[in-house]
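Student: Shown below is the structure under consideration.
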Amino acid sequence: MEQAALQGGALITKPHQRALAIAVMHGARRRLGSALARYCPDLPVTVSTIHSVALTIVNRWRRSLGLSMPVTVCEHTCHLSERHGRTQATFEEVMELGCKVLASPTARQMLSASYPLIIVDEFQDCTGNTLGFVQALAEASTVLFAADHFQKLQDVNSGCPAVEWAQALRADGGISYEELAGCRRTDSTAILLAARALRDDLPSATLTVPVYYAPNVGPAAFRMVGRFRSWVPDRIKTGTCALILLSLEDALLPKLLASFAKQLAKRNPKRQVKWSRSVSQAEQQRQLFLELGLNGADEIWRPEAAGLSHLAGSVARDVKRYCRLRGITDVPSDLAGQFATLAVHNRRAFGWGSPQFEVLTVHGAKNREFEHVFVFWTCFKAAKWSIEEQRRLLYNAVTRAKADCTVIALGDAKVAQDDPVLSLLGPAQPAIDPAWKKKSTAKT
């Protein structure tokens, strides 16, 4: 942000010029936009995703690529075929076309004239043609990269091509960069120590975030309620909280949430917590297709006019308007499906507001931040990843927290102690004090 303000003030000298801030994922895009608004309020900037920028550039220069129809994104490759007045292309094909456009000196010159400064966040997520596209942008304008190879969660074994490219350029004197140590999201010593232990793969010499082990969901929920009630009252009312786990399909999740609600009601009847569970894009898309009657069997789509939700009604109106303007009398089902898929994507990418209490996966939590975080770590489920990948996953989960993080492992003391990743955070404690449990049993 400091460099963006400094470079922007020097490079953006004309009224039509702006900075271009981009990232691969929409979560990173939202966070990047918020950070720029906070730290660089005077910087004229356009915030977008890399794929959206590539699609805009491809459509602006499509005739130079031999494409007569506007390019639209489809899920499965159609080899750039033209259907319904549009050229069909996957995201990967769009990125490849974008690289071809930016191979032209004229295109790069015009891009530089509009965007003399380009900011790329989460650069480590750029691979393949996406990386090639960003490298082409760097040939046109001054580019600021922010990257952390340890936060690359996909295809870890292939290394981090983006960071390796930057390191090679630095060795040749092509760029300069600064190593930023530590997590900048929080000033919590416990979270910072946990992050360092996971990054360095060295057990912490001092206590980090609390780690508890629980034989089942009852003790796990008991500890969650205890930690929850210890927070500052104002943060309970207004602060955000995440329950992060490895899979939303975990059969224990509904039991954990039910036990949490039951125990919280006993200990604090006036306080209710409504957890919002993230729904996958595929499931949202399936539900919308079902509502619109897009079953894949009929070639022609005949929508029901009444009883549609706001989203489905909006899709139906957009499809009808598109067909009316182009003289299409029978609406093809695959065309309606494209509009529905785009509507789901846009709602997830640009929807406003977030729930106060949210349940999501480690991958879903990437690029997000919360006041408080519970990490529900199931060791036997984590075993499907390599030790290196587990360290990165747990690091990503723990560092989502700004104020407080609690890790709860499913299993006994030996499971937590022998786990090569959890043990980096320090000794685990029982979710329920054994002495208290024995005393309670004796009374009974």
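To be explicit about the labels: the chains of the structure tokens are called A, B, and onward in the order shown, and within each one the residues are counted from 1, while ligands get numbers from 1 in the order they are shown.
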I need the residues of segment 109-245 of chain A that end up classed as strand (DSSP E or B) by DSSP on the backbone, written out as a PyMOL selection string.
Tutor: chain A and resi 117-120+142-145+211-214+241-245
Student: Could you write those residues out with N, CA, C and O atoms, as a PDB file, in the first residue's frame?
Tutor:
```
ATOM      1  N   LEU A 117       0.293   2.082 -13.749  1.00  0.00           N
ATOM      2  CA  LEU A 117       0.634   1.325 -12.554  1.00  0.00           C
ATOM      3  C   LEU A 117      -0.356   0.169 -12.395  1.00  0.00           C
ATOM      4  O   LEU A 117      -1.571   0.371 -12.448  1.00  0.00           O
ATOM      5  N   ILE A 118       0.181  -1.036 -12.216  1.00  0.00           N
ATOM      6  CA  ILE A 118      -0.646  -2.228 -12.014  1.00  0.00           C
ATOM      7  C   ILE A 118      -0.225  -2.884 -10.709  1.00  0.00           C
ATOM      8  O   ILE A 118       0.967  -3.079 -10.448  1.00  0.00           O
ATOM      9  N   ILE A 119      -1.216  -3.215  -9.872  1.00  0.00           N
ATOM     10  CA  ILE A 119      -0.974  -3.829  -8.563  1.00  0.00           C
ATOM     11  C   ILE A 119      -1.549  -5.241  -8.586  1.00  0.00           C
ATOM     12  O   ILE A 119      -2.731  -5.421  -8.898  1.00  0.00           O
ATOM     13  N   VAL A 120      -0.739  -6.233  -8.271  1.00  0.00           N
ATOM     14  CA  VAL A 120      -1.179  -7.635  -8.300  1.00  0.00           C
ATOM     15  C   VAL A 120      -1.047  -8.206  -6.898  1.00  0.00           C
ATOM     16  O   VAL A 120       0.059  -8.316  -6.363  1.00  0.00           O
ATOM     17  N   THR A 142       4.468  -0.350 -15.035  1.00  0.00           N
ATOM     18  CA  THR A 142       5.114  -0.622 -13.753  1.00  0.00           C
ATOM     19  C   THR A 142       4.175  -1.488 -12.920  1.00  0.00           C
ATOM     20  O   THR A 142       2.994  -1.175 -12.774  1.00  0.00           O
ATOM     21  N   VAL A 143       4.693  -2.596 -12.400  1.00  0.00           N
ATOM     22  CA  VAL A 143       3.854  -3.551 -11.697  1.00  0.00           C
ATOM     23  C   VAL A 143       4.388  -3.772 -10.287  1.00  0.00           C
ATOM     24  O   VAL A 143       5.591  -3.951 -10.085  1.00  0.00           O
ATOM     25  N   LEU A 144       3.466  -3.749  -9.316  1.00  0.00           N
ATOM     26  CA  LEU A 144       3.778  -4.097  -7.932  1.00  0.00           C
ATOM     27  C   LEU A 144       3.176  -5.469  -7.639  1.00  0.00           C
ATOM     28  O   LEU A 144       1.980  -5.672  -7.844  1.00  0.00           O
ATOM     29  N   PHE A 145       3.998  -6.402  -7.182  1.00  0.00           N
ATOM     30  CA  PHE A 145       3.524  -7.738  -6.848  1.00  0.00           C
ATOM     31  C   PHE A 145       3.550  -7.930  -5.330  1.00  0.00           C
ATOM     32  O   PHE A 145       4.473  -7.472  -4.657  1.00  0.00           O
ATOM     33  N   VAL A 211      -4.502 -25.104  21.874  1.00  0.00           N
ATOM     34  CA  VAL A 211      -4.881 -26.312  21.139  1.00  0.00           C
ATOM     35  C   VAL A 211      -5.526 -27.275  22.124  1.00  0.00           C
ATOM     36  O   VAL A 211      -4.944 -27.594  23.163  1.00  0.00           O
ATOM     37  N   TYR A 212      -6.726 -27.729  21.814  1.00  0.00           N
ATOM     38  CA  TYR A 212      -7.457 -28.657  22.672  1.00  0.00           C
ATOM     39  C   TYR A 212      -7.735 -29.943  21.902  1.00  0.00           C
ATOM     40  O   TYR A 212      -7.916 -29.920  20.677  1.00  0.00           O
ATOM     41  N   TYR A 213      -7.781 -31.048  22.619  1.00  0.00           N
ATOM     42  CA  TYR A 213      -8.196 -32.306  21.997  1.00  0.00           C
ATOM     43  C   TYR A 213      -9.502 -32.759  22.638  1.00  0.00           C
ATOM     44  O   TYR A 213      -9.745 -32.560  23.824  1.00  0.00           O
ATOM     45  N   ALA A 214     -10.358 -33.335  21.800  1.00  0.00           N
ATOM     46  CA  ALA A 214     -11.678 -33.769  22.261  1.00  0.00           C
ATOM     47  C   ALA A 214     -12.003 -35.110  21.629  1.00  0.00           C
ATOM     48  O   ALA A 214     -11.844 -35.269  20.415  1.00  0.00           O
ATOM     49  N   CYS A 241     -16.921 -14.098  13.442  1.00  0.00           N
ATOM     50  CA  CYS A 241     -16.355 -15.348  13.943  1.00  0.00           C
ATOM     51  C   CYS A 241     -16.492 -16.413  12.864  1.00  0.00           C
ATOM     52  O   CYS A 241     -17.525 -16.500  12.193  1.00  0.00           O
ATOM     53  N   ALA A 242     -15.463 -17.210  12.698  1.00  0.00           N
ATOM     54  CA  ALA A 242     -15.474 -18.284  11.707  1.00  0.00           C
ATOM     55  C   ALA A 242     -15.178 -19.616  12.371  1.00  0.00           C
ATOM     56  O   ALA A 242     -14.332 -19.702  13.261  1.00  0.00           O
ATOM     57  N   LEU A 243     -15.886 -20.636  11.945  1.00  0.00           N
ATOM     58  CA  LEU A 243     -15.567 -22.022  12.280  1.00  0.00           C
ATOM     59  C   LEU A 243     -14.991 -22.630  11.018  1.00  0.00           C
ATOM     60  O   LEU A 243     -15.702 -22.820  10.028  1.00  0.00           O
ATOM     61  N   ILE A 244     -13.693 -22.911  11.038  1.00  0.00           N
ATOM     62  CA  ILE A 244     -12.987 -23.378   9.842  1.00  0.00           C
ATOM     63  C   ILE A 244     -12.658 -24.857   9.997  1.00  0.00           C
ATOM     64  O   ILE A 244     -12.115 -25.270  11.022  1.00  0.00           O
ATOM     65  N   LEU A 245     -13.008 -25.630   8.987  1.00  0.00           N
ATOM     66  CA  LEU A 245     -12.717 -27.055   9.012  1.00  0.00           C
ATOM     67  C   LEU A 245     -12.299 -27.511   7.629  1.00  0.00           C
ATOM     68  O   LEU A 245     -12.258 -26.719   6.670  1.00  0.00           O
TER      69      LEU A 245
END
```
Student: Residues within 10 Å of Ala431 of chain A, please, as a ChimeraX atom specification. Count only C-alpha atoms; anything in the same chain fewer than 4 positions from it doesn't count.
Tutor: /A:211-216,218-224,226,408-410,412
Student: Could you take the residues named above and write them with C-alpha atoms, as a PDB file, in the first residue's frame?
Tutor:
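Contents of the output file selection_30.pdb:
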```
ATOM      1  CA  VAL A 211      -4.881 -26.312  21.139  1.00  0.00           C
ATOM      2  CA  TYR A 212      -7.457 -28.657  22.672  1.00  0.00           C
ATOM      3  CA  TYR A 213      -8.196 -32.306  21.997  1.00  0.00           C
ATOM      4  CA  ALA A 214     -11.678 -33.769  22.261  1.00  0.00           C
ATOM      5  CA  PRO A 215     -12.774 -37.410  21.865  1.00  0.00           C
ATOM      6  CA  ASN A 216     -16.084 -36.332  20.305  1.00  0.00           C
ATOM      7  CA  GLY A 218     -19.616 -32.788  22.919  1.00  0.00           C
ATOM      8  CA  PRO A 219     -16.341 -31.751  24.609  1.00  0.00           C
ATOM      9  CA  ALA A 220     -15.342 -29.837  21.470  1.00  0.00           C
ATOM     10  CA  ALA A 221     -18.551 -27.782  21.628  1.00  0.00           C
ATOM     11  CA  PHE A 222     -18.077 -27.313  25.399  1.00  0.00           C
ATOM     12  CA  ARG A 223     -14.664 -25.735  24.797  1.00  0.00           C
ATOM     13  CA  MET A 224     -15.993 -23.569  21.958  1.00  0.00           C
ATOM     14  CA  GLY A 226     -16.222 -21.542  26.986  1.00  0.00           C
ATOM     15  CA  ILE A 408      -9.690 -28.093  18.504  1.00  0.00           C
ATOM     16  CA  ALA A 409      -8.461 -31.505  17.387  1.00  0.00           C
ATOM     17  CA  LEU A 410     -10.688 -34.539  17.267  1.00  0.00           C
ATOM     18  CA  ASP A 412      -7.227 -38.157  22.393  1.00  0.00           C
TER      19      ASP A 412
END
```
Student: Calculate how many Å separate atom CA of Arg18 of chain A from atom CA of Ala140 of chain A, rounding to one decimal.
Tutor: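 Calculated distance between atom CA of Arg18 of chain A and atom CA of Ala140 of chain A is 14.2 Å.
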Student: May I have the residues within 12 Å of segment 267-280 of chain A as JSON, numbers by chain, using only C-alpha atoms and disregarding those fewer than 6 positions away in the same chain?
Tutor: {"A": [222, 225, 226, 228, 229, 230, 233, 236, 237, 240, 241, 242, 243, 244, 245, 247, 248, 249, 253, 254, 256, 257, 258, 260, 261, 286, 287, 344, 345, 348, 354, 355, 356, 357, 358, 359, 360, 361, 362, 363, 364, 365]}
Student: In Å, how far is it from atom CA of Asp250 of chain A to atom CA of His149 of chain A?
Tutor: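 One can read the atom CA of Asp250 of chain A to atom CA of His149 of chain A distance as 28.5 Å.
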Student: Using only C-alpha atoms, what does the table of segment 271-357 of chain A residues within 12 Å of segment 84-107 of chain A look like, with each row giving the shortest atom pair and its distance in Å to one decimal, sorted by chain and ascending number, as a tab-separated table?
Tutor:
```
residue	atom	partner	partner_atom	distance
A:Val319	CA	A:His84	CA	11.3
A:Tyr322	CA	A:His84	CA	9.7
A:Cys323	CA	A:His84	CA	8.8
A:Leu325	CA	A:Gly85	CA	11.0
A:Arg326	CA	A:Gly85	CA	8.1
A:Gly327	CA	A:His84	CA	10.5
A:Ile328	CA	A:His84	CA	8.6
A:Thr329	CA	A:His84	CA	11.8
A:Asp330	CA	A:His84	CA	11.5
A:Val331	CA	A:His84	CA	9.8
A:Pro332	CA	A:His84	CA	8.6
A:Ser333	CA	A:His84	CA	11.2
A:Asp334	CA	A:His84	CA	9.6
A:Leu335	CA	A:His84	CA	7.3
A:Ala336	CA	A:His84	CA	10.7
A:Gln338	CA	A:Gln88	CA	10.3
```
Student: How would the residues just chosen look if you wrote them out with C-alpha atoms as a PDB file, in the first residue's frame?
Tutor:
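To be explicit, this is the file written out as out.pdb:
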```
ATOM      1  CA  VAL A 319     -32.520 -14.197 -21.240  1.00  0.00           C
ATOM      2  CA  TYR A 322     -31.246 -10.977 -25.026  1.00  0.00           C
ATOM      3  CA  CYS A 323     -33.284 -13.236 -27.327  1.00  0.00           C
ATOM      4  CA  LEU A 325     -32.966  -8.120 -29.313  1.00  0.00           C
ATOM      5  CA  ARG A 326     -31.433 -10.830 -31.523  1.00  0.00           C
ATOM      6  CA  GLY A 327     -34.605 -12.185 -32.976  1.00  0.00           C
ATOM      7  CA  ILE A 328     -34.338 -15.593 -31.272  1.00  0.00           C
ATOM      8  CA  THR A 329     -37.861 -16.989 -30.955  1.00  0.00           C
ATOM      9  CA  ASP A 330     -37.176 -20.350 -29.300  1.00  0.00           C
ATOM     10  CA  VAL A 331     -34.842 -19.906 -26.322  1.00  0.00           C
ATOM     11  CA  PRO A 332     -32.075 -22.571 -26.321  1.00  0.00           C
ATOM     12  CA  SER A 333     -31.670 -24.255 -22.931  1.00  0.00           C
ATOM     13  CA  ASP A 334     -27.894 -23.976 -23.037  1.00  0.00           C
ATOM     14  CA  LEU A 335     -28.165 -20.197 -23.521  1.00  0.00           C
ATOM     15  CA  ALA A 336     -30.421 -19.897 -20.477  1.00  0.00           C
ATOM     16  CA  GLN A 338     -25.107 -19.706 -19.392  1.00  0.00           C
TER      17      GLN A 338
END
```
Student: Using only C-alpha atoms, which of A:Ser204, A:Ser141, A:Ser423, A:Gln124 sits nearest Cys160 of chain A?
Tutor: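 The answer is A:Gln124, which sits nearest to Cys160 of chain A.
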Student: With only C-alpha atoms as the atoms that count, which of A:Lys266, A:Arg63, A:Arg227, A:Arg185 lies nearest to Arg31 of chain A?
Tutor: A:Arg185
Student: Name all residues at most 9 Å from Ala35 of chain A (count only C-alpha atoms; drop same-chain ones fewer than 5 positions away) and give them as a PyMOL selection string.
Tutor: chain A and resi 1+30+40
Student: Only C-alpha atoms, please: the residues just picked out, written as a PDB file, in the first residue's frame.
Tutor:
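Okay, part.pdb is ready:
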```pdb
ATOM      1  CA  MET A   1       0.000   0.000   0.000  1.00  0.00           C
ATOM      2  CA  ARG A  30     -12.476  -7.433  -2.230  1.00  0.00           C
ATOM      3  CA  CYS A  40      -4.580   5.108  -0.631  1.00  0.00           C
TER       4      CYS A  40
END
```
Student: Suppose you want the space between atom CA of Val415 of chain A and atom CA of Asp433 of chain A; what is it in Å?
Tutor: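 Taking atom CA of Val415 of chain A and atom CA of Asp433 of chain A, their separation equals 17.3 Å.
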